[in-house]
$ cat work-v3.pdb   # PDB, C-alpha atoms and all ligand atoms
ATOM      1  CA  MET A   1     111.041   5.689  62.467  1.00  0.00           C
ATOM      2  CA  LYS A   2     110.163   8.849  60.617  1.00  0.00           C
ATOM      3  CA  HIS A   3     110.015   6.832  57.398  1.00  0.00           C
ATOM      4  CA  LEU A   4     107.755   4.293  59.006  1.00  0.00           C
ATOM      5  CA  PHE A   5     105.409   7.075  60.138  1.00  0.00           C
ATOM      6  CA  LEU A   6     105.319   8.525  56.621  1.00  0.00           C
ATOM      7  CA  LEU A   7     104.664   5.088  55.182  1.00  0.00           C
ATOM      8  CA  LEU A   8     101.814   4.461  57.618  1.00  0.00           C
ATOM      9  CA  SER A   9     100.381   7.905  56.853  1.00  0.00           C
ATOM     10  CA  PHE A  10     100.532   7.176  53.151  1.00  0.00           C
ATOM     11  CA  LEU A  11      98.867   3.783  53.571  1.00  0.00           C
ATOM     12  CA  SER A  12      96.195   5.362  55.711  1.00  0.00           C
ATOM     13  CA  ILE A  13      95.465   7.997  53.060  1.00  0.00           C
ATOM     14  CA  ALA A  14      95.541   5.375  50.334  1.00  0.00           C
ATOM     15  CA  CYS A  15      93.049   3.219  52.217  1.00  0.00           C
ATOM     16  CA  THR A  16      90.794   6.179  52.900  1.00  0.00           C
ATOM     17  CA  ALA A  17      90.905   7.169  49.241  1.00  0.00           C
ATOM     18  CA  GLN A  18      90.114   3.605  48.211  1.00  0.00           C
ATOM     19  CA  LYS A  19      87.270   3.482  50.685  1.00  0.00           C
ATOM     20  CA  SER A  20      85.747   6.757  49.539  1.00  0.00           C
ATOM     21  CA  LYS A  21      85.978   5.625  45.924  1.00  0.00           C
ATOM     22  CA  ALA A  22      84.175   2.425  46.796  1.00  0.00           C
ATOM     23  CA  VAL A  23      81.464   4.384  48.564  1.00  0.00           C
ATOM     24  CA  SER A  24      81.094   6.830  45.685  1.00  0.00           C
ATOM     25  CA  ASP A  25      80.737   3.898  43.247  1.00  0.00           C
ATOM     26  CA  ALA A  26      78.030   2.253  45.261  1.00  0.00           C
ATOM     27  CA  PRO A  27      75.108   4.604  44.580  1.00  0.00           C
ATOM     28  CA  THR A  28      75.815   4.580  40.840  1.00  0.00           C
ATOM     29  CA  ASN A  29      75.743   0.787  40.708  1.00  0.00           C
ATOM     30  CA  THR A  30      72.625   0.594  42.817  1.00  0.00           C
ATOM     31  CA  SER A  31      70.805   3.118  40.688  1.00  0.00           C
ATOM     32  CA  GLU A  32      71.735   1.348  37.449  1.00  0.00           C
ATOM     33  CA  LYS A  33      70.600  -1.943  38.894  1.00  0.00           C
ATOM     34  CA  SER A  34      67.277  -0.646  40.161  1.00  0.00           C
ATOM     35  CA  GLN A  35      66.614   1.051  36.824  1.00  0.00           C
ATOM     36  CA  THR A  36      67.090  -2.266  35.004  1.00  0.00           C
ATOM     37  CA  VAL A  37      64.781  -4.025  37.427  1.00  0.00           C
ATOM     38  CA  ASP A  38      62.207  -1.241  37.052  1.00  0.00           C
ATOM     39  CA  ASN A  39      62.211  -1.655  33.285  1.00  0.00           C
ATOM     40  CA  GLN A  40      61.780  -5.403  33.508  1.00  0.00           C
ATOM     41  CA  GLU A  41      58.989  -5.190  36.017  1.00  0.00           C
ATOM     42  CA  LYS A  42      57.242  -2.189  34.503  1.00  0.00           C
ATOM     43  CA  GLU A  43      53.602  -2.427  35.430  1.00  0.00           C
ATOM     44  CA  ILE A  44      51.263  -2.235  32.470  1.00  0.00           C
ATOM     45  CA  LEU A  45      47.842  -0.672  32.830  1.00  0.00           C
ATOM     46  CA  LEU A  46      45.698  -0.522  29.698  1.00  0.00           C
ATOM     47  CA  THR A  47      42.356   1.226  29.288  1.00  0.00           C
ATOM     48  CA  LEU A  48      39.831  -0.727  27.243  1.00  0.00           C
ATOM     49  CA  PRO A  49      37.419   1.022  24.840  1.00  0.00           C
ATOM     50  CA  ASN A  50      34.735   0.749  27.560  1.00  0.00           C
ATOM     51  CA  GLY A  51      36.949   2.632  30.051  1.00  0.00           C
ATOM     52  CA  THR A  52      37.855  -0.439  32.126  1.00  0.00           C
ATOM     53  CA  LYS A  53      41.479  -0.568  33.195  1.00  0.00           C
ATOM     54  CA  ILE A  54      43.224  -3.910  32.921  1.00  0.00           C
ATOM     55  CA  SER A  55      46.725  -4.833  33.990  1.00  0.00           C
ATOM     56  CA  GLY A  56      49.428  -6.721  32.143  1.00  0.00           C
ATOM     57  CA  LEU A  57      49.369 -10.495  32.106  1.00  0.00           C
ATOM     58  CA  GLU A  58      52.468 -12.471  33.014  1.00  0.00           C
ATOM     59  CA  LYS A  59      52.628 -16.247  32.799  1.00  0.00           C
ATOM     60  CA  SER A  60      55.475 -18.726  32.745  1.00  0.00           C
ATOM     61  CA  GLU A  61      56.397 -20.202  29.374  1.00  0.00           C
ATOM     62  CA  GLU A  62      55.411 -23.622  30.796  1.00  0.00           C
ATOM     63  CA  LEU A  63      51.895 -22.345  31.461  1.00  0.00           C
ATOM     64  CA  TRP A  64      51.632 -20.771  28.000  1.00  0.00           C
ATOM     65  CA  ALA A  65      52.800 -24.066  26.481  1.00  0.00           C
ATOM     66  CA  SER A  66      50.039 -25.932  28.332  1.00  0.00           C
ATOM     67  CA  GLU A  67      47.359 -23.461  27.185  1.00  0.00           C
ATOM     68  CA  LEU A  68      48.310 -22.806  23.544  1.00  0.00           C
ATOM     69  CA  SER A  69      48.433 -25.175  20.597  1.00  0.00           C
ATOM     70  CA  ASP A  70      51.929 -26.055  19.359  1.00  0.00           C
ATOM     71  CA  ASN A  71      51.565 -23.733  16.354  1.00  0.00           C
ATOM     72  CA  ALA A  72      50.209 -20.861  18.459  1.00  0.00           C
ATOM     73  CA  PHE A  73      53.026 -21.295  20.997  1.00  0.00           C
ATOM     74  CA  TYR A  74      55.593 -21.283  18.177  1.00  0.00           C
ATOM     75  CA  VAL A  75      54.306 -17.967  16.831  1.00  0.00           C
ATOM     76  CA  LEU A  76      53.169 -16.188  20.005  1.00  0.00           C
ATOM     77  CA  ARG A  77      55.910 -17.213  22.424  1.00  0.00           C
ATOM     78  CA  GLU A  78      58.797 -18.209  20.143  1.00  0.00           C
ATOM     79  CA  LYS A  79      58.234 -15.376  17.645  1.00  0.00           C
ATOM     80  CA  GLY A  80      57.661 -17.717  14.723  1.00  0.00           C
ATOM     81  CA  THR A  81      55.906 -16.804  11.469  1.00  0.00           C
ATOM     82  CA  GLU A  82      53.111 -18.760   9.809  1.00  0.00           C
ATOM     83  CA  ARG A  83      53.429 -19.330   6.078  1.00  0.00           C
ATOM     84  CA  ALA A  84      51.849 -16.692   3.840  1.00  0.00           C
ATOM     85  CA  PHE A  85      48.344 -17.440   2.511  1.00  0.00           C
ATOM     86  CA  THR A  86      47.849 -20.243   5.056  1.00  0.00           C
ATOM     87  CA  GLY A  87      46.360 -18.419   8.032  1.00  0.00           C
ATOM     88  CA  ARG A  88      42.683 -18.036   8.806  1.00  0.00           C
ATOM     89  CA  TYR A  89      42.370 -14.270   8.354  1.00  0.00           C
ATOM     90  CA  TRP A  90      44.607 -13.146   5.478  1.00  0.00           C
ATOM     91  CA  ASP A  91      41.549 -12.967   3.165  1.00  0.00           C
ATOM     92  CA  TYR A  92      38.872 -12.562   5.838  1.00  0.00           C
ATOM     93  CA  LYS A  93      36.450  -9.704   5.207  1.00  0.00           C
ATOM     94  CA  GLU A  94      33.850  -9.872   8.001  1.00  0.00           C
ATOM     95  CA  LYS A  95      33.160  -6.802  10.133  1.00  0.00           C
ATOM     96  CA  GLY A  96      34.307  -6.912  13.745  1.00  0.00           C
ATOM     97  CA  ILE A  97      37.428  -6.763  15.869  1.00  0.00           C
ATOM     98  CA  TYR A  98      40.508  -8.926  16.124  1.00  0.00           C
ATOM     99  CA  ALA A  99      41.702  -9.754  19.626  1.00  0.00           C
ATOM    100  CA  CYS A 100      44.909 -11.394  20.858  1.00  0.00           C
ATOM    101  CA  SER A 101      44.388 -15.159  20.682  1.00  0.00           C
ATOM    102  CA  ALA A 102      46.510 -15.638  23.803  1.00  0.00           C
ATOM    103  CA  CYS A 103      44.957 -13.146  26.231  1.00  0.00           C
ATOM    104  CA  GLY A 104      41.895 -11.737  24.443  1.00  0.00           C
ATOM    105  CA  MET A 105      43.067  -8.115  24.349  1.00  0.00           C
ATOM    106  CA  PRO A 106      41.198  -6.279  21.519  1.00  0.00           C
ATOM    107  CA  LEU A 107      43.909  -5.238  19.057  1.00  0.00           C
ATOM    108  CA  PHE A 108      42.618  -4.404  15.563  1.00  0.00           C
ATOM    109  CA  ASP A 109      39.354  -3.280  13.982  1.00  0.00           C
ATOM    110  CA  SER A 110      38.221  -4.697  10.628  1.00  0.00           C
ATOM    111  CA  GLU A 111      37.702  -1.071   9.525  1.00  0.00           C
ATOM    112  CA  THR A 112      41.509  -0.710   9.365  1.00  0.00           C
ATOM    113  CA  LYS A 113      42.136  -4.065   7.624  1.00  0.00           C
ATOM    114  CA  TYR A 114      43.137  -3.864   3.979  1.00  0.00           C
ATOM    115  CA  LYS A 115      44.319  -6.069   1.146  1.00  0.00           C
ATOM    116  CA  SER A 116      48.102  -5.952   1.188  1.00  0.00           C
ATOM    117  CA  GLY A 117      48.713  -8.909  -1.133  1.00  0.00           C
ATOM    118  CA  THR A 118      51.247 -10.369   1.323  1.00  0.00           C
ATOM    119  CA  GLY A 119      49.202 -13.372   2.450  1.00  0.00           C
ATOM    120  CA  TRP A 120      48.998 -12.165   6.058  1.00  0.00           C
ATOM    121  CA  PRO A 121      46.180 -10.113   7.602  1.00  0.00           C
ATOM    122  CA  SER A 122      47.241  -6.479   7.365  1.00  0.00           C
ATOM    123  CA  TYR A 123      45.997  -3.395   9.195  1.00  0.00           C
ATOM    124  CA  TYR A 124      47.052   0.229   8.980  1.00  0.00           C
ATOM    125  CA  GLN A 125      46.588   0.898  12.702  1.00  0.00           C
ATOM    126  CA  PRO A 126      45.756  -0.851  15.991  1.00  0.00           C
ATOM    127  CA  ILE A 127      42.626   0.014  18.001  1.00  0.00           C
ATOM    128  CA  GLU A 128      44.939   1.963  20.350  1.00  0.00           C
ATOM    129  CA  ASP A 129      48.675   2.446  19.936  1.00  0.00           C
ATOM    130  CA  GLU A 130      49.209   1.536  23.594  1.00  0.00           C
ATOM    131  CA  TYR A 131      47.731  -1.938  23.044  1.00  0.00           C
ATOM    132  CA  ILE A 132      50.779  -2.777  20.944  1.00  0.00           C
ATOM    133  CA  ARG A 133      54.370  -3.197  22.165  1.00  0.00           C
ATOM    134  CA  GLU A 134      57.214  -2.724  19.710  1.00  0.00           C
ATOM    135  CA  ASP A 135      60.768  -4.025  19.599  1.00  0.00           C
ATOM    136  CA  THR A 136      63.476  -4.327  16.947  1.00  0.00           C
ATOM    137  CA  ASP A 137      64.557  -7.756  15.763  1.00  0.00           C
ATOM    138  CA  TYR A 138      67.405  -8.733  13.431  1.00  0.00           C
ATOM    139  CA  ASP A 139      66.250 -12.286  12.639  1.00  0.00           C
ATOM    140  CA  LEU A 140      66.633 -11.729   8.888  1.00  0.00           C
ATOM    141  CA  GLY A 141      69.929  -9.850   9.172  1.00  0.00           C
ATOM    142  CA  TYR A 142      68.359  -6.391   9.140  1.00  0.00           C
ATOM    143  CA  GLY A 143      66.283  -4.452  11.609  1.00  0.00           C
ATOM    144  CA  ARG A 144      62.533  -4.978  11.602  1.00  0.00           C
ATOM    145  CA  THR A 145      59.987  -3.620  14.048  1.00  0.00           C
ATOM    146  CA  GLU A 146      58.367  -6.507  15.850  1.00  0.00           C
ATOM    147  CA  VAL A 147      54.889  -5.948  17.289  1.00  0.00           C
ATOM    148  CA  MET A 148      53.545  -7.717  20.348  1.00  0.00           C
ATOM    149  CA  CYS A 149      50.349  -7.654  22.357  1.00  0.00           C
ATOM    150  CA  ASN A 150      51.119  -5.159  25.100  1.00  0.00           C
ATOM    151  CA  ARG A 151      49.076  -7.072  27.629  1.00  0.00           C
ATOM    152  CA  CYS A 152      50.648 -10.526  27.430  1.00  0.00           C
ATOM    153  CA  GLY A 153      53.761  -9.884  25.323  1.00  0.00           C
ATOM    154  CA  GLY A 154      52.585 -12.395  22.684  1.00  0.00           C
ATOM    155  CA  HIS A 155      54.314 -12.000  19.310  1.00  0.00           C
ATOM    156  CA  LEU A 156      51.907 -10.736  16.648  1.00  0.00           C
ATOM    157  CA  GLY A 157      54.086  -9.935  13.639  1.00  0.00           C
ATOM    158  CA  HIS A 158      55.843  -6.810  12.353  1.00  0.00           C
ATOM    159  CA  VAL A 159      55.007  -3.257  11.340  1.00  0.00           C
ATOM    160  CA  PHE A 160      56.378  -1.739   8.131  1.00  0.00           C
ATOM    161  CA  LYS A 161      56.250   1.765   6.709  1.00  0.00           C
ATOM    162  CA  ASP A 162      54.726   0.832   3.351  1.00  0.00           C
ATOM    163  CA  GLY A 163      51.065   0.877   4.368  1.00  0.00           C
ATOM    164  CA  PRO A 164      48.178   2.941   3.030  1.00  0.00           C
ATOM    165  CA  LYS A 165      46.886   6.286   4.246  1.00  0.00           C
ATOM    166  CA  PRO A 166      46.152   7.686   6.751  1.00  0.00           C
ATOM    167  CA  THR A 167      49.074   6.196   8.741  1.00  0.00           C
ATOM    168  CA  GLY A 168      51.325   4.797   6.002  1.00  0.00           C
ATOM    169  CA  LEU A 169      51.855   1.767   8.252  1.00  0.00           C
ATOM    170  CA  ARG A 170      51.360  -1.928   7.542  1.00  0.00           C
ATOM    171  CA  TYR A 171      50.809  -4.106  10.588  1.00  0.00           C
ATOM    172  CA  CYS A 172      51.592  -7.535   9.157  1.00  0.00           C
ATOM    173  CA  ILE A 173      50.077  -9.990  11.627  1.00  0.00           C
ATOM    174  CA  ASN A 174      49.996 -13.765  11.978  1.00  0.00           C
ATOM    175  CA  SER A 175      46.410 -15.082  11.865  1.00  0.00           C
ATOM    176  CA  ILE A 176      47.146 -17.552  14.634  1.00  0.00           C
ATOM    177  CA  SER A 177      47.922 -14.653  16.999  1.00  0.00           C
ATOM    178  CA  LEU A 178      44.393 -13.324  16.462  1.00  0.00           C
ATOM    179  CA  GLN A 179      40.813 -14.302  17.252  1.00  0.00           C
ATOM    180  CA  PHE A 180      37.951 -12.624  15.446  1.00  0.00           C
ATOM    181  CA  ILE A 181      34.908 -11.220  17.238  1.00  0.00           C
ATOM    182  CA  GLU A 182      32.035 -10.380  14.892  1.00  0.00           C
ATOM    183  CA  GLU A 183      30.572  -6.885  14.966  1.00  0.00           C
ATOM    184  CA  ALA A 184      27.282  -7.975  16.600  1.00  0.00           C
ATOM    185  CA  LYS A 185      29.199  -9.404  19.570  1.00  0.00           C
ATOM    186  CA  GLN A 186      32.099  -6.999  19.899  1.00  0.00           C
ATOM    187  CA  GLU A 187      30.399  -4.584  22.323  1.00  0.00           C
ATOM    188  CA  GLU A 188      29.433  -7.425  24.644  1.00  0.00           C
ATOM    189  CA  TYR A 189      32.920  -8.889  24.285  1.00  0.00           C
ATOM    190  CA  ILE A 190      34.621  -5.654  25.325  1.00  0.00           C
ATOM    191  CA  ILE A 191      32.234  -5.132  28.266  1.00  0.00           C
ATOM    192  CA  ASN A 192      32.852  -8.646  29.559  1.00  0.00           C
ATOM    193  CA  TYR A 193      36.565  -8.840  28.812  1.00  0.00           C
ATOM    194  CA  LYS A 194      38.770  -8.619  31.871  1.00  0.00           C
TER
HETATM  195 ZN    ZN A 201      47.786 -10.800  24.408  1.00  0.00          ZN
END

$ encode --input "work-v3.pdb" --output "structure tokens"
Amino acid sequence: MKHLFLLLSFLSIACTAQKSKAVSDAPTNTSEKSQTVDNQEKEILLTLPNGTKISGLEKSEELWASELSDNAFYVLREKGTERAFTGRYWDYKEKGIYACSACGMPLFDSETKYKSGTGWPSYYQPIEDEYIREDTDYDLGYGRTEVMCNRCGGHLGHVFKDGPKPTGLRYCINSISLQFIEEAKQEEYIINYK
């Protein structure tokens, strides 16, 4: 009988210990989970050059596919790359701004465009750093810094550290990810862009 009592006591302690462990695990798991969800659903608020605040744009891939041409979808949503010297803007020298061709977000100014000799339009800085989202990809077997439009997440190209002064950066961008707005219309474009 005494043994039975000891055994029951032991089981009771063991169960309590197990229970308290389970409880102490719970908050950790919950916090990790909510952090992941927070990161995924991070709300984006961008301030345009005219001071207007605009929020991030989220669309299903099906909707993007219905709105973009096949080539634009391949580059912007499937992170493809257009062939060098084939895009519309690699040798384009007009004054104005370059906006995201998917969502219209102003991204680059022609003042920062330069001849890189790569066959892709190249800029040494975006209009605002916060308009660009960066990530690392290993598609070619080594790490490269991918750049995306921070409003819609559309793939733009990559940024390398072999650019000219003052930043030393080379934003190597696919033409098809861009739309050009000439200087005479850029102010009106930014005012009306939402
Ligand atoms: Zn965009």

$ resolve_selection --input "work-v3.pdb" --expression "the PyMOL selection byres (((chain A and resi 189) around 12) and not hetatm)" --output "PyMOL selection string"
chain A and resi 48-50+96-99+104-106+179-188+190-194

$ atom_distance --input "work-v3.pdb" --atom1 "CA of Leu45 (chain A)" --atom2 "CA of Glu82 (chain A)"
29.7 Å

$ residues_around --input "work-v3.pdb" --residues "region 123-139 of chain A" --least-positions-apart "2" --cutoff "6 Å" --atoms "all atoms listed in the file" --output "number ranges by chain"
A: 107-108, 112-114, 141-150, 169-171

$ closest_residue --input "work-v3.pdb" --among "A:Gly154, A:Asn174, A:Thr118, A:Ile44" --to "ligand ZN 201 (chain A)" --atoms "only C-alpha atoms and all ligand atoms"
A:Gly154

$ closest_residue --input "work-v3.pdb" --among "A:Ala65, A:Leu156, A:Cys103, A:Cys172" --to "ligand ZN 201 (chain A)" --atoms "only C-alpha atoms and all ligand atoms"
A:Cys103

$ atom_distance --input "work-v3.pdb" --atom1 "CA of Glu62 (chain A)" --atom2 "CA of Gly87 (chain A)"
25.0 Å

$ closest_residue --input "work-v3.pdb" --among "A:Leu46, A:Ile176, A:Leu57, A:Leu140" --to "Phe73 (chain A)" --atoms "all atoms listed in the file"
A:Ile176

$ resolve_selection --input "work-v3.pdb" --expression "the PyMOL selection byres (((chain A and resi 78) around 12) and not hetatm)" --output "PDB file with C-alpha atoms, in the coordinates of the input"
ATOM      1  CA  GLU A  61      56.397 -20.202  29.374  1.00  0.00           C
ATOM      2  CA  TRP A  64      51.632 -20.771  28.000  1.00  0.00           C
ATOM      3  CA  ALA A  65      52.800 -24.066  26.481  1.00  0.00           C
ATOM      4  CA  LEU A  68      48.310 -22.806  23.544  1.00  0.00           C
ATOM      5  CA  ASP A  70      51.929 -26.055  19.359  1.00  0.00           C
ATOM      6  CA  ASN A  71      51.565 -23.733  16.354  1.00  0.00           C
ATOM      7  CA  ALA A  72      50.209 -20.861  18.459  1.00  0.00           C
ATOM      8  CA  PHE A  73      53.026 -21.295  20.997  1.00  0.00           C
ATOM      9  CA  TYR A  74      55.593 -21.283  18.177  1.00  0.00           C
ATOM     10  CA  VAL A  75      54.306 -17.967  16.831  1.00  0.00           C
ATOM     11  CA  LEU A  76      53.169 -16.188  20.005  1.00  0.00           C
ATOM     12  CA  ARG A  77      55.910 -17.213  22.424  1.00  0.00           C
ATOM     13  CA  LYS A  79      58.234 -15.376  17.645  1.00  0.00           C
ATOM     14  CA  GLY A  80      57.661 -17.717  14.723  1.00  0.00           C
ATOM     15  CA  THR A  81      55.906 -16.804  11.469  1.00  0.00           C
ATOM     16  CA  GLU A  82      53.111 -18.760   9.809  1.00  0.00           C
ATOM     17  CA  MET A 148      53.545  -7.717  20.348  1.00  0.00           C
ATOM     18  CA  GLY A 153      53.761  -9.884  25.323  1.00  0.00           C
ATOM     19  CA  GLY A 154      52.585 -12.395  22.684  1.00  0.00           C
ATOM     20  CA  HIS A 155      54.314 -12.000  19.310  1.00  0.00           C
ATOM     21  CA  LEU A 156      51.907 -10.736  16.648  1.00  0.00           C
ATOM     22  CA  GLY A 157      54.086  -9.935  13.639  1.00  0.00           C
ATOM     23  CA  SER A 177      47.922 -14.653  16.999  1.00  0.00           C
TER      24      SER A 177
END

$ closest_residue --input "work-v3.pdb" --among "A:Lys165, A:Ser101, A:Ala84, A:Ser66" --to "ligand ZN 201 (chain A)" --atoms "all atoms listed in the file"
A:Ser101

$ atom_distance --input "work-v3.pdb" --atom1 "CA of Tyr92 (chain A)" --atom2 "CA of Ile54 (chain A)"
28.8 Å

$ build_atoms --input "work-v3.pdb" --residues "region 182-193 of chain A" --atoms "N, CA and C atoms" --output "mmCIF file, in the coordinates of the input"
data_model
loop_
_atom_site.group_PDB
_atom_site.id
_atom_site.type_symbol
_atom_site.label_atom_id
_atom_site.label_comp_id
_atom_site.auth_asym_id
_atom_site.auth_seq_id
_atom_site.Cartn_x
_atom_site.Cartn_y
_atom_site.Cartn_z
ATOM 1 N N GLU A 182 32.900 -11.045 15.878
ATOM 2 C CA GLU A 182 32.035 -10.380 14.892
ATOM 3 C C GLU A 182 31.400 -9.119 15.473
ATOM 4 N N GLU A 183 31.048 -8.209 14.574
ATOM 5 C CA GLU A 183 30.572 -6.885 14.966
ATOM 6 C C GLU A 183 29.403 -6.942 15.962
ATOM 7 N N ALA A 184 28.463 -7.882 15.729
ATOM 8 C CA ALA A 184 27.282 -7.975 16.600
ATOM 9 C C ALA A 184 27.651 -8.328 18.036
ATOM 10 N N LYS A 185 28.823 -8.948 18.221
ATOM 11 C CA LYS A 185 29.199 -9.404 19.570
ATOM 12 C C LYS A 185 30.338 -8.594 20.181
ATOM 13 N N GLN A 186 30.885 -7.646 19.397
ATOM 14 C CA GLN A 186 32.099 -6.999 19.899
ATOM 15 C C GLN A 186 31.849 -6.102 21.122
ATOM 16 N N GLU A 187 30.676 -5.445 21.172
ATOM 17 C CA GLU A 187 30.399 -4.584 22.323
ATOM 18 C C GLU A 187 30.313 -5.422 23.599
ATOM 19 N N GLU A 188 29.578 -6.522 23.495
ATOM 20 C CA GLU A 188 29.433 -7.425 24.644
ATOM 21 C C GLU A 188 30.795 -8.002 25.042
ATOM 22 N N TYR A 189 31.598 -8.313 24.021
ATOM 23 C CA TYR A 189 32.920 -8.889 24.285
ATOM 24 C C TYR A 189 33.779 -7.915 25.084
ATOM 25 N N ILE A 190 33.776 -6.639 24.649
ATOM 26 C CA ILE A 190 34.621 -5.654 25.325
ATOM 27 C C ILE A 190 34.120 -5.395 26.744
ATOM 28 N N ILE A 191 32.796 -5.368 26.918
ATOM 29 C CA ILE A 191 32.234 -5.132 28.266
ATOM 30 C C ILE A 191 32.633 -6.268 29.216
ATOM 31 N N ASN A 192 32.596 -7.499 28.698
ATOM 32 C CA ASN A 192 32.852 -8.646 29.559
ATOM 33 C C ASN A 192 34.322 -9.032 29.668
ATOM 34 N N TYR A 193 35.147 -8.443 28.807
ATOM 35 C CA TYR A 193 36.565 -8.840 28.812
ATOM 36 C C TYR A 193 37.287 -8.260 30.018
#
